[in-house]
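Visitor: Dropping the structure in here first, questions after.
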Amino acid sequence: MDDPLLTPVQFVRGVGPQRAELFAKLDIHTVTDLLWHLPRDVLDLTQLSGVFELTADRVHSIRGEVVDRDARLTSTGKTMTALLFKCDGGFVRAVWFNQGYMLRKYELGQHVLLTGQPKLRERRWEFSHPETQPLETDDDDHTAAPGVLPRYPLTEGLRMRDIRRATAAAVEEYADQLAEFLPDDFRIECALPRLSDAIRQLHCPRTMDEYRAGRRRVLLDDLLEFEIAVVLRRRAWNRENKALPLPNSSKIDARIRRLFSFPFTGGQNQAVTEIVADIAQDRAMHRLLQADVGAGKTAVAVYAMLVAIANGTQAVLMAPTEVLAQQHWSTIENILEHSRVERRLLTGQLTPSVRNKVREEIATGTAQLIIGTQSLIQESITFHRLGLAVIDEQHKFGVGQRGRFQSGETAPHRLVMTATPIPRSLCLTQFGDLDLTSIRELPPGRQRVVTSRITGEAVPKAWGFLRKMLREGRQAYLVCPRIEGDESDDSPGAEALFRSVTTGELNGFRVGLMHGQQDRDTRAATMDAFRRGDLDVLVATTVIEVGVDVPNATLMMIFAAERFGLSQLHQLRGRICRGLFQGYCFLQSDAVQPEAVRRLSALEATGDGFQLAEVDFELRGPGDVLGTRQHGDMPLRVADLVRDRDLLEEARKIAIDVVDQGRIDTPEFFPLKLRVLERFGKMMDLPQAG
C-alpha cells in the first residue's frame, strides 16, 4: 500500500480484527480515520487536589462520589440545588441556584470531577456553581498517574481505554506521515504547530496548554479552509459579474424622498448610502440587507429600486410567498401613489391572460418595477433591461433560485434582505460572500411590545385583559403551532381553537380563521376583512409570520410557544405594535425544559432581534436557526460555529488577508488552495484555475 495513512485500523497495535468491527461503528476504518477521531473533551488531572489540600485563594479540581442530593427554595424565591460529594475520606458540597436540572444530571454513587474556587462554610468546603465533568470507569482510576486524559465518542462494546490505547499507538507510528499544507512562514506567523505535532498534542497531551495548541491548529484549519472558499467566491463574483452602473444624484435623491411620508432614520440613511455606492459601480452589487422587525428595510429597498428606474433600467422584488408579495405590493402602491413609475404584480393567482400581458410588459420594458414570487425566475420571463433584483427573506430561496436573474450580457445588481437578523457566525459563513448592511434603529415612536410568558392561573387573566382591549377597539392575533391538534399533547390546533373561542372566551366578538390549507381566495378575503376592521380577532398559524401589517392589531397570544423558534417568535411578535398603541404579546407555555424556558425568557427580556438571533443560534445551531437543516449542516469537519465563534472571526480575517493580497495564488500556498478547492470547489462553484 502506497499511503501508510490508509492502513486498515485493524493493523494498529492493540486493535485487531474483532475490535476493528467495533471501530467501524464509529466510521473508523483506516489510520487516517483514527487520527481524526478527535477527543470530545479532556480531563485535566494534572492539578488534582485532595479535600484536605483545598484553599479559598485559588481554583481547585477535585474528584468525588455523589452521596447526597437536595433541592429547596431560598427566602428570596430562588431554587437552590445541592450535591454532597465524598472525596478521599472527606466531604465537599456543591451548590447551584436556579439550575434544578443539576439534580437530574447526577445520580447517587456517580463519580464527578469538580472545578471551581471553594469557600469554607460551617467547617465544610463548598463550591458555588463549579464546572463538572462526569467520570467514567476508565477516568476514575485512582492508581493512574495524574495527567491530561482525552475523552472520545464511544460505541457499545468499545471502552474509553481501548480508544486511548489505539490512538496513542497510531500517533506514535503514523502522525509524522501527515502532510503539512501550510507554508512554514505563514504557520509561524499565525503561531500554529505543525499538523503532525497538533494531532500528537490532541491525542497525547502532556499539559492543557499542549492540548489547546493542538486543538486550535485543527479547528483553525477547518474554519480557514471554509473562509478562504467563501472569500474566493466573493472575489470570483466581483471579477465575473459586470453590471450597468446606476449612479445617484441630488436631483434623483430629492425626487425619491418626496414620495415618502416620513423621514428616513439614521440607520436607513446609512443603508441607502452603502447601497447606492455599490450600484454606481460597473461590477454587480451582491449585498445582504438585514434589519430588525419594523426597522424599515422595505423603504430602503424601494429607494434603491427607484434609483435603478431613474437610470432607465428595471427593478424587481421577489418574495417567497404570495402573502408577502401582496404585502410588498400594497406598501409600494402607497409609497408610489403619486409616481409615474409603471409597476406590476406577478403571482400565481393571476389569470392566464393577465399573466401573459404582464410578461409581455416585462419583456418590452413597459413594466419598470415588478413585484412577485418565484414566478419571476421562470424561463418564460425575459427582462428588457434589468438593473436591480431585490430578493426578500432570501434564506428561503435556494442559491440557484437567487442566481437566475440575468439580463443580456450584464448581471443585475443584487440586494438580498431579511427581517430575521442573522447571527454573526452565519454572516461570516453561509452569507460570507455578500457585503453586509444592517439596520438596527427603529423609527421614532415605535414602542417595545410588552411580552409575558403565561401558564396556569395567568392564562384566564390574560384572556380577561385581551377582552378588555378588544372592547376598547383593538384587534388581536391568536397563533397556533399547527392547523389541527395533536393527540400526543395538549397544544391546540388553529381549527379547534377557532371553534373553542367563538363559543367560549371570545363569545360575542368577530373571529376569523386563516391557515395554509385554505385556498388562496379564502385567505386573502379573511386577511382583507381583518385589515378593514371587520374582524376583531384572527386565529392563525405562522402564515402571518411575515408580510402582515395591521396597525390596529396590538394584541397577540401564542399557544404552545415553546414549539416555535426564537427568531420565529420575534417575527410573530413583530406583527403587533405597528401603530400608535402599546402592543402586548402573551406566550402560553407549560414547558419546563431548560432550553425552552431560556428561549421564552430571552423573548420576555429583550426586543432586540440581533441579540435574540445570537441566543437562538447558540441554542439551536446554524441549520435550525434558518430552517435549512434539511439541506445539510455547515460543511465543517471538526469546528463548531457556536463553540468556536472567536476562532471563526480570526479565520475570517486571515482568509481576507490571504486572498486580497494574492498570497493564495502563489506556489507556496498551492497545497492549501488545492485543499480548499477539493473540499468546497464544487459546492461553491469556485473557478478551478487562476
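Just remember, in the C-alpha cells the first chain shown is A, the second B, etc., residues are 1-based per chain, and ligands are 1-based in the order shown.
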Among range 53-198 of chain A, which ones does DSSP place in strand (DSSP E), written as JSON, numbers by chain?
Guide: {"A": [60, 61, 62, 63, 64, 65, 66, 67, 68, 69, 70, 71, 72, 73, 79, 80, 81, 82, 83, 84, 85, 86, 87, 90, 91, 92, 93, 94, 95, 96, 97, 111, 112, 113, 114, 115, 116, 119, 120, 121, 124, 125, 126, 127, 128, 131, 132, 133, 134, 148, 149, 150, 151]}
Visitor: For those residues, write C-alpha atoms to a file as a short mmCIF file (atom, residue, chain, number, x, y, z; two decimals), in the first residue's frame.
Guide:
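File selection.cif, as written:
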data_model
loop_
_atom_site.label_atom_id
_atom_site.label_comp_id
_atom_site.auth_asym_id
_atom_site.auth_seq_id
_atom_site.Cartn_x
_atom_site.Cartn_y
_atom_site.Cartn_z
CA HIS A 60 -9.06 23.61 42.53
CA SER A 61 -10.08 20.39 40.79
CA ILE A 62 -11.25 17.53 42.99
CA ARG A 63 -12.94 14.24 42.23
CA GLY A 64 -15.63 12.71 44.36
CA GLU A 65 -18.65 10.43 44.60
CA VAL A 66 -22.22 11.80 44.90
CA VAL A 67 -23.55 10.67 48.31
CA ASP A 68 -26.49 13.06 48.82
CA ARG A 69 -28.74 15.36 46.75
CA ASP A 70 -31.06 18.17 47.79
CA ALA A 71 -33.19 20.95 46.27
CA ARG A 72 -35.07 23.72 48.08
CA LEU A 73 -36.47 27.23 47.73
CA THR A 79 -34.26 27.34 43.66
CA MET A 80 -31.09 26.01 45.28
CA THR A 81 -29.75 22.61 44.22
CA ALA A 82 -27.01 20.98 46.30
CA LEU A 83 -24.91 17.82 45.87
CA LEU A 84 -22.70 16.31 48.56
CA PHE A 85 -19.51 14.56 47.42
CA LYS A 86 -17.28 12.12 49.27
CA CYS A 87 -13.67 12.90 48.36
CA GLY A 90 -13.65 14.00 53.44
CA PHE A 91 -16.73 15.72 52.07
CA VAL A 92 -17.36 18.80 49.88
CA ARG A 93 -20.64 20.42 48.88
CA ALA A 94 -21.55 21.94 45.50
CA VAL A 95 -24.49 24.36 45.11
CA TRP A 96 -26.28 25.88 42.13
CA PHE A 97 -29.07 28.49 42.05
CA HIS A 111 -18.16 9.92 40.26
CA VAL A 112 -17.63 13.54 39.16
CA LEU A 113 -14.73 15.94 38.62
CA LEU A 114 -15.44 19.37 40.18
CA THR A 115 -13.51 22.51 39.25
CA GLY A 116 -14.01 25.85 40.97
CA LYS A 119 -15.16 28.62 50.25
CA LEU A 120 -15.22 27.29 53.80
CA ARG A 121 -18.79 27.35 55.16
CA ARG A 124 -17.09 22.33 55.19
CA TRP A 125 -15.70 23.27 51.78
CA GLU A 126 -18.39 24.46 49.37
CA PHE A 127 -18.16 25.07 45.61
CA SER A 128 -20.63 27.58 44.13
CA GLU A 131 -17.70 23.20 36.43
CA THR A 132 -18.50 19.49 36.45
CA GLN A 133 -17.49 16.52 34.32
CA PRO A 134 -18.91 13.04 34.90
CA VAL A 148 -4.50 15.15 30.77
CA LEU A 149 -6.88 12.42 29.62
CA PRO A 150 -8.60 12.74 26.23
CA ARG A 151 -12.21 11.54 26.11
#
Visitor: As a PyMOL selection string, please: the residues near Leu202 in chain A (cut-off 12 Å, only C-alpha atoms, same-chain neighbours under 4 positions excluded).
Guide: chain A and resi 35-42+148-152+164+167-168+171+175+193+195-198+206-219
Visitor: So, with only C-alpha atoms as the atoms that count, which of A:Leu672, A:Leu369, A:Leu648, A:Ile391 lies closest to Arg187 in chain A?
Guide: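 Closest to Arg187 in chain A, using only C-alpha atoms: A:Leu672.
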Visitor: Let me make sure I understand: among A:Val307, A:Ile371, A:Leu54, A:Ile28, which one has the smallest atom-to-atom distance to Trp329 in chain A if we use only C-alpha atoms?
Guide: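 That would be A:Ile371, the residue with the smallest distance to Trp329 in chain A.
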Visitor: Counting only C-alpha atoms, which residue out of A:Thr420, A:Thr373, A:Gln368, A:Gln201 sits closest to Leu386 in chain A?
Guide: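 Looking at the shortest contact to Leu386 in chain A, the residue is A:Gln368.
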